Amino acid sequence: MLRGFSRISVVVLFIAVIFSSVTFAESPKEIIVSAAADLSRAFKEIGAVYEKETGVKVLLNFGSTGLLAQQIEGGAPVDLFAAANKSYIDSLEGKGLILPETRKLYAVGRITLATPKSYAKLSFLQDLLRPEVKKIAIANPAHAPYGMAAKAAMEKIGIWKRLKDKLVLAENIRQTLDYVETGSVDAGIVALSVSIGSNTNFTLIPEELHPRIEQAMAVIKNGRNPKEAKGFADFINGPAGRPIMKKYGFVLPVGMK
């Protein structure tokens, strides 16, 4: 009797293991995407479409590109990294932290001169010198590519040093926008992608005033779901993702990879 019970137990255990394996295999996968803050609106929209079409859940972690890169270097669990400047992807590749064949350019960004909706619109960067403009927000150029572009533009026209005492440094470009929208500052230099649809007045800053903001992404080498991460990257640059990126002011010039 004991022997028969043992056989039954083994069969039950085997069935339980098989059932558990099937359940695990059929459970929906998820990917963790660390993305530059300028992508917050575009990637939320693209992620929702991707989830609906594939069943793969997209968990988005937005922040300053430099700080996100540091997290990845520190071993943070990330499947795909979308940087606001391709140099950060190059750096991670040099450290063996990405799958090189997945590296691709996905956007070129632009910056704007923004003011709160209740304030007068500023047309030129030189307008920041006006005495009534007392506080100006930019993303911290020490680790935020859009902050670097803002600094470069002000240096280009010779007003950077004259404005340094007015500057309020934000953690990332999304926080920069928040400062402008809430009236915490009188003006800010913000990404076009988050200016569109925002509660601000904004003017596009000429792209010749700063280095081109070429944005790249790559699958992280030690990510949990590289196949699904690559699938999302392809989706962003594909026929479903490109129109959404374009809607938020991003472009991908023909021939750029």
# chains A, B, ... in the order shown; residues from 1 in each chain; ligands from 1
call {"tool": "residues_around", "arguments": {"residues": "region 237-244 of chain A", "least_positions_apart": "6", "cutoff": "12 Å", "atoms": "only C-alpha atoms", "output": "list in words"}}
result
Leu39, Arg41, Ala42, Phe43, Lys44, Glu45, Ile46, Gly47, Ala48, Val49, Tyr50, Glu53, Lys104, Leu105, Tyr106, Ala107, Ser193, Ala216, Met217, Lys230, Gly231, Phe250, Val251, Leu252, Pro253, Met256 and Lys257 of chain A
call {"tool": "write_last_selection", "arguments": {"atoms": "C-alpha atoms", "output": "mmCIF file, in the first residue's frame"}}
result
data_model
loop_
_atom_site.group_PDB
_atom_site.id
_atom_site.type_symbol
_atom_site.label_atom_id
_atom_site.label_comp_id
_atom_site.auth_asym_id
_atom_site.auth_seq_id
_atom_site.Cartn_x
_atom_site.Cartn_y
_atom_site.Cartn_z
ATOM 1 C CA LEU A 39 10.709 60.349 -24.221
ATOM 2 C CA ARG A 41 5.080 61.100 -23.635
ATOM 3 C CA ALA A 42 6.137 59.312 -26.808
ATOM 4 C CA PHE A 43 7.235 56.067 -25.138
ATOM 5 C CA LYS A 44 4.151 55.845 -22.916
ATOM 6 C CA GLU A 45 2.016 55.973 -26.037
ATOM 7 C CA ILE A 46 4.192 53.568 -28.021
ATOM 8 C CA GLY A 47 4.460 51.208 -25.055
ATOM 9 C CA ALA A 48 0.674 50.992 -24.736
ATOM 10 C CA VAL A 49 0.313 50.095 -28.426
ATOM 11 C CA TYR A 50 3.115 47.518 -28.194
ATOM 12 C CA GLU A 53 -0.292 44.085 -30.039
ATOM 13 C CA LYS A 104 20.572 51.945 -33.317
ATOM 14 C CA LEU A 105 19.708 55.603 -33.684
ATOM 15 C CA TYR A 106 16.039 56.239 -33.069
ATOM 16 C CA ALA A 107 15.661 60.033 -32.998
ATOM 17 C CA SER A 193 9.024 66.450 -27.354
ATOM 18 C CA ALA A 216 20.390 56.019 -29.639
ATOM 19 C CA MET A 217 19.199 52.848 -27.927
ATOM 20 C CA LYS A 230 14.822 44.024 -29.363
ATOM 21 C CA GLY A 231 11.236 43.599 -30.501
ATOM 22 C CA PHE A 250 11.356 63.625 -33.237
ATOM 23 C CA VAL A 251 12.933 63.013 -36.624
ATOM 24 C CA LEU A 252 15.151 60.255 -38.017
ATOM 25 C CA PRO A 253 17.011 61.507 -41.099
ATOM 26 C CA MET A 256 21.262 57.543 -40.305
ATOM 27 C CA LYS A 257 21.796 54.332 -38.348
#
call {"tool": "select_by_dssp", "arguments": {"residues": "region 93-173 of chain A", "states": "strand (DSSP E)", "output": "MDAnalysis selection string"}}
result
chainID A and resid 104:109 111:116 136:139 167:170
call {"tool": "atom_distance", "arguments": {"atom1": "CA of Ile213 (chain A)", "atom2": "CA of Phe124 (chain A)"}}
result
19.9 Å
call {"tool": "closest_residue", "arguments": {"among": "A:Asp234, A:Glu101, A:Glu207, A:Glu93", "to": "Ala150 (chain A)", "atoms": "only C-alpha atoms"}}
result
A:Glu207
call {"tool": "closest_residue", "arguments": {"among": "A:Arg174, A:His210, A:Gly94, A:Val168", "to": "Ala152 (chain A)", "atoms": "only C-alpha atoms"}}
result
A:His210
call {"tool": "select_by_dssp", "arguments": {"residues": "region 15-242 of chain A", "states": "helix (DSSP H, G or I)", "output": "PyMOL selection string"}}
result
chain A and resi 15-26+37-54+65-73+86-94+100-102+125-129+145-156+160-166+173-181+192-195+207-209+226-236+241-242
call {"tool": "closest_residue", "arguments": {"among": "A:Leu122, A:Val180, A:Ala229, A:Leu169", "to": "Ala142 (chain A)", "atoms": "only C-alpha atoms"}}
result
A:Leu169
call {"tool": "closest_residue", "arguments": {"among": "A:Ile157, A:Leu99, A:Ile111, A:Ile89", "to": "Asp127 (chain A)", "atoms": "only C-alpha atoms"}}
result
A:Ile157
call {"tool": "residues_around", "arguments": {"residues": "Ala144 (chain A)", "least_positions_apart": "4", "cutoff": "12 Å", "atoms": "only C-alpha atoms", "output": "ChimeraX atom specification"}}
result
/A:36-38,63-69,83-85,87-88,138-140,148-151,169-176,190-191,213
call {"tool": "write_last_selection", "arguments": {"atoms": "C-alpha atoms", "output": "mmCIF file, in the first residue's frame"}}
result
data_model
loop_
_atom_site.group_PDB
_atom_site.id
_atom_site.type_symbol
_atom_site.label_atom_id
_atom_site.label_comp_id
_atom_site.auth_asym_id
_atom_site.auth_seq_id
_atom_site.Cartn_x
_atom_site.Cartn_y
_atom_site.Cartn_z
ATOM 1 C CA ALA A 36 15.600 59.566 -21.258
ATOM 2 C CA ALA A 37 13.008 61.915 -19.740
ATOM 3 C CA ASP A 38 12.334 63.616 -23.099
ATOM 4 C CA GLY A 63 15.231 59.918 -15.958
ATOM 5 C CA SER A 64 18.381 61.788 -16.892
ATOM 6 C CA THR A 65 20.418 59.835 -19.440
ATOM 7 C CA GLY A 66 23.646 60.154 -17.453
ATOM 8 C CA LEU A 67 22.051 58.895 -14.238
ATOM 9 C CA LEU A 68 20.296 56.027 -16.015
ATOM 10 C CA ALA A 69 23.617 54.980 -17.549
ATOM 11 C CA ALA A 83 19.532 57.451 -24.306
ATOM 12 C CA ALA A 84 19.112 61.112 -25.224
ATOM 13 C CA ASN A 85 22.654 61.161 -26.587
ATOM 14 C CA SER A 87 27.640 58.932 -26.638
ATOM 15 C CA TYR A 88 26.189 57.157 -23.580
ATOM 16 C CA ILE A 138 17.589 73.957 -17.721
ATOM 17 C CA ALA A 139 18.345 70.287 -17.201
ATOM 18 C CA ASN A 140 21.657 69.813 -15.417
ATOM 19 C CA MET A 148 24.204 70.197 -22.510
ATOM 20 C CA ALA A 149 22.440 71.446 -25.644
ATOM 21 C CA ALA A 150 20.934 74.380 -23.716
ATOM 22 C CA LYS A 151 24.341 75.364 -22.391
ATOM 23 C CA LEU A 169 19.290 73.251 -12.637
ATOM 24 C CA ALA A 170 16.694 70.507 -12.918
ATOM 25 C CA GLU A 171 17.369 66.791 -12.526
ATOM 26 C CA ASN A 172 16.117 66.064 -16.049
ATOM 27 C CA ILE A 173 14.195 67.641 -18.901
ATOM 28 C CA ARG A 174 10.807 66.588 -17.539
ATOM 29 C CA GLN A 175 11.498 68.391 -14.262
ATOM 30 C CA THR A 176 12.637 71.405 -16.279
ATOM 31 C CA VAL A 190 13.073 72.364 -22.781
ATOM 32 C CA ALA A 191 12.894 69.436 -25.214
ATOM 33 C CA ILE A 213 21.020 65.714 -30.295
#
call {"tool": "residues_around", "arguments": {"residues": "region 181-184 of chain A", "least_positions_apart": "5", "cutoff": "12 Å", "atoms": "only C-alpha atoms", "output": "ChimeraX atom specification"}}
result
/A:114-119,133-137,167-168,170,174-176,190,194-195,197-202
call {"tool": "closest_residue", "arguments": {"among": "A:Ala120, A:Glu214, A:Leu204, A:Tyr248", "to": "Ala187 (chain A)", "atoms": "only C-alpha atoms"}}
result
A:Ala120
call {"tool": "closest_residue", "arguments": {"among": "A:Asp90, A:Glu132, A:Pro206, A:Glu30", "to": "Lys156 (chain A)", "atoms": "only C-alpha atoms"}}
result
A:Pro206
call {"tool": "atom_distance", "arguments": {"atom1": "CA of Ala218 (chain A)", "atom2": "CA of Val58 (chain A)"}}
result
15.4 Å
call {"tool": "decode", "arguments": {"residues": "region 210-225 of chain A", "atoms": "all heavy atoms", "output": "short mmCIF file (atom, residue, chain, number, x, y, z; two decimals), in the first residue's frame"}}
result
data_model
loop_
_atom_site.label_atom_id
_atom_site.label_comp_id
_atom_site.auth_asym_id
_atom_site.auth_seq_id
_atom_site.Cartn_x
_atom_site.Cartn_y
_atom_site.Cartn_z
N HIS A 210 23.50 74.52 -31.48
CA HIS A 210 24.01 73.49 -30.57
C HIS A 210 24.31 72.20 -31.35
O HIS A 210 23.78 72.00 -32.44
CB HIS A 210 22.98 73.19 -29.47
CG HIS A 210 21.65 72.71 -30.00
ND1 HIS A 210 21.40 71.39 -30.32
CD2 HIS A 210 20.50 73.39 -30.28
CE1 HIS A 210 20.17 71.28 -30.76
NE2 HIS A 210 19.59 72.47 -30.75
N PRO A 211 25.15 71.34 -30.81
CA PRO A 211 25.42 70.05 -31.47
C PRO A 211 24.12 69.27 -31.62
O PRO A 211 23.23 69.35 -30.78
CB PRO A 211 26.37 69.34 -30.49
CG PRO A 211 27.01 70.45 -29.73
CD PRO A 211 25.95 71.50 -29.58
N ARG A 212 24.04 68.52 -32.71
CA ARG A 212 22.82 67.76 -32.96
C ARG A 212 22.60 66.71 -31.86
O ARG A 212 23.53 66.02 -31.44
CB ARG A 212 22.90 67.05 -34.31
CG ARG A 212 21.61 66.33 -34.64
CD ARG A 212 21.26 66.37 -36.09
NE ARG A 212 22.19 65.62 -36.92
CZ ARG A 212 21.95 65.33 -38.20
NH1 ARG A 212 20.83 65.74 -38.77
NH2 ARG A 212 22.83 64.65 -38.91
N ILE A 213 21.36 66.64 -31.38
CA ILE A 213 21.02 65.71 -30.30
C ILE A 213 20.61 64.38 -30.92
O ILE A 213 19.43 64.10 -31.15
CB ILE A 213 19.89 66.28 -29.41
CG1 ILE A 213 20.23 67.71 -28.95
CG2 ILE A 213 19.66 65.39 -28.20
CD1 ILE A 213 19.08 68.43 -28.27
N GLU A 214 21.59 63.54 -31.20
CA GLU A 214 21.35 62.24 -31.81
C GLU A 214 21.13 61.21 -30.70
O GLU A 214 22.00 60.99 -29.87
CB GLU A 214 22.53 61.84 -32.69
CG GLU A 214 22.73 62.78 -33.88
CD GLU A 214 23.87 62.37 -34.77
OE1 GLU A 214 24.57 61.38 -34.44
OE2 GLU A 214 24.08 63.01 -35.81
N GLN A 215 19.95 60.62 -30.71
CA GLN A 215 19.55 59.72 -29.63
C GLN A 215 19.61 58.27 -30.09
O GLN A 215 19.11 57.93 -31.16
CB GLN A 215 18.15 60.11 -29.14
CG GLN A 215 18.06 61.58 -28.74
CD GLN A 215 16.79 61.96 -28.01
OE1 GLN A 215 16.47 63.13 -27.90
NE2 GLN A 215 16.06 61.01 -27.48
N ALA A 216 20.21 57.42 -29.27
CA ALA A 216 20.39 56.02 -29.64
C ALA A 216 19.89 55.10 -28.53
O ALA A 216 19.76 55.52 -27.37
CB ALA A 216 21.86 55.73 -29.93
N MET A 217 19.64 53.84 -28.91
CA MET A 217 19.20 52.85 -27.93
C MET A 217 19.89 51.52 -28.20
O MET A 217 20.43 51.29 -29.28
CB MET A 217 17.68 52.67 -27.97
CG MET A 217 17.13 52.20 -29.29
SD MET A 217 15.31 52.15 -29.26
CE MET A 217 14.96 52.01 -31.03
N ALA A 218 19.87 50.66 -27.20
CA ALA A 218 20.48 49.34 -27.33
C ALA A 218 19.92 48.40 -26.27
O ALA A 218 19.48 48.84 -25.20
CB ALA A 218 22.00 49.43 -27.20
N VAL A 219 19.95 47.12 -26.58
CA VAL A 219 19.54 46.09 -25.62
C VAL A 219 20.70 45.85 -24.66
O VAL A 219 21.86 45.74 -25.09
CB VAL A 219 19.17 44.78 -26.35
CG1 VAL A 219 18.86 43.67 -25.34
CG2 VAL A 219 17.97 45.01 -27.28
N ILE A 220 20.40 45.79 -23.38
CA ILE A 220 21.42 45.57 -22.36
C ILE A 220 21.83 44.09 -22.34
O ILE A 220 20.98 43.20 -22.39
CB ILE A 220 20.92 46.02 -20.97
CG1 ILE A 220 20.53 47.51 -21.01
CG2 ILE A 220 21.99 45.78 -19.91
CD1 ILE A 220 21.63 48.43 -21.48
N LYS A 221 23.12 43.86 -22.27
CA LYS A 221 23.68 42.50 -22.39
C LYS A 221 23.12 41.53 -21.36
O LYS A 221 22.81 40.39 -21.67
CB LYS A 221 25.21 42.57 -22.26
CG LYS A 221 25.92 41.27 -22.59
CD LYS A 221 27.42 41.48 -22.58
CE LYS A 221 28.16 40.23 -23.00
NZ LYS A 221 29.63 40.45 -23.03
N ASN A 222 22.99 41.96 -20.12
CA ASN A 222 22.53 41.06 -19.07
C ASN A 222 21.04 41.21 -18.75
O ASN A 222 20.60 40.83 -17.66
CB ASN A 222 23.36 41.27 -17.80
CG ASN A 222 24.81 40.86 -17.99
OD1 ASN A 222 25.10 39.88 -18.68
ND2 ASN A 222 25.73 41.61 -17.40
N GLY A 223 20.29 41.77 -19.68
CA GLY A 223 18.85 41.91 -19.47
C GLY A 223 18.15 40.56 -19.44
O GLY A 223 18.65 39.56 -19.98
N ARG A 224 16.98 40.51 -18.84
CA ARG A 224 16.26 39.24 -18.70
C ARG A 224 15.58 38.78 -19.97
O ARG A 224 15.46 37.58 -20.23
CB ARG A 224 15.20 39.37 -17.59
CG ARG A 224 15.77 39.59 -16.19
CD ARG A 224 14.66 39.76 -15.17
NE ARG A 224 13.78 40.88 -15.52
CZ ARG A 224 12.65 41.17 -14.90
NH1 ARG A 224 12.23 40.41 -13.90
NH2 ARG A 224 11.92 42.22 -15.26
N ASN A 225 15.12 39.74 -20.79
CA ASN A 225 14.36 39.39 -21.99
C ASN A 225 14.88 40.13 -23.23
O ASN A 225 14.24 41.05 -23.74
CB ASN A 225 12.87 39.71 -21.77
CG ASN A 225 12.25 38.86 -20.68
OD1 ASN A 225 12.27 37.64 -20.74
ND2 ASN A 225 11.69 39.52 -19.67
#
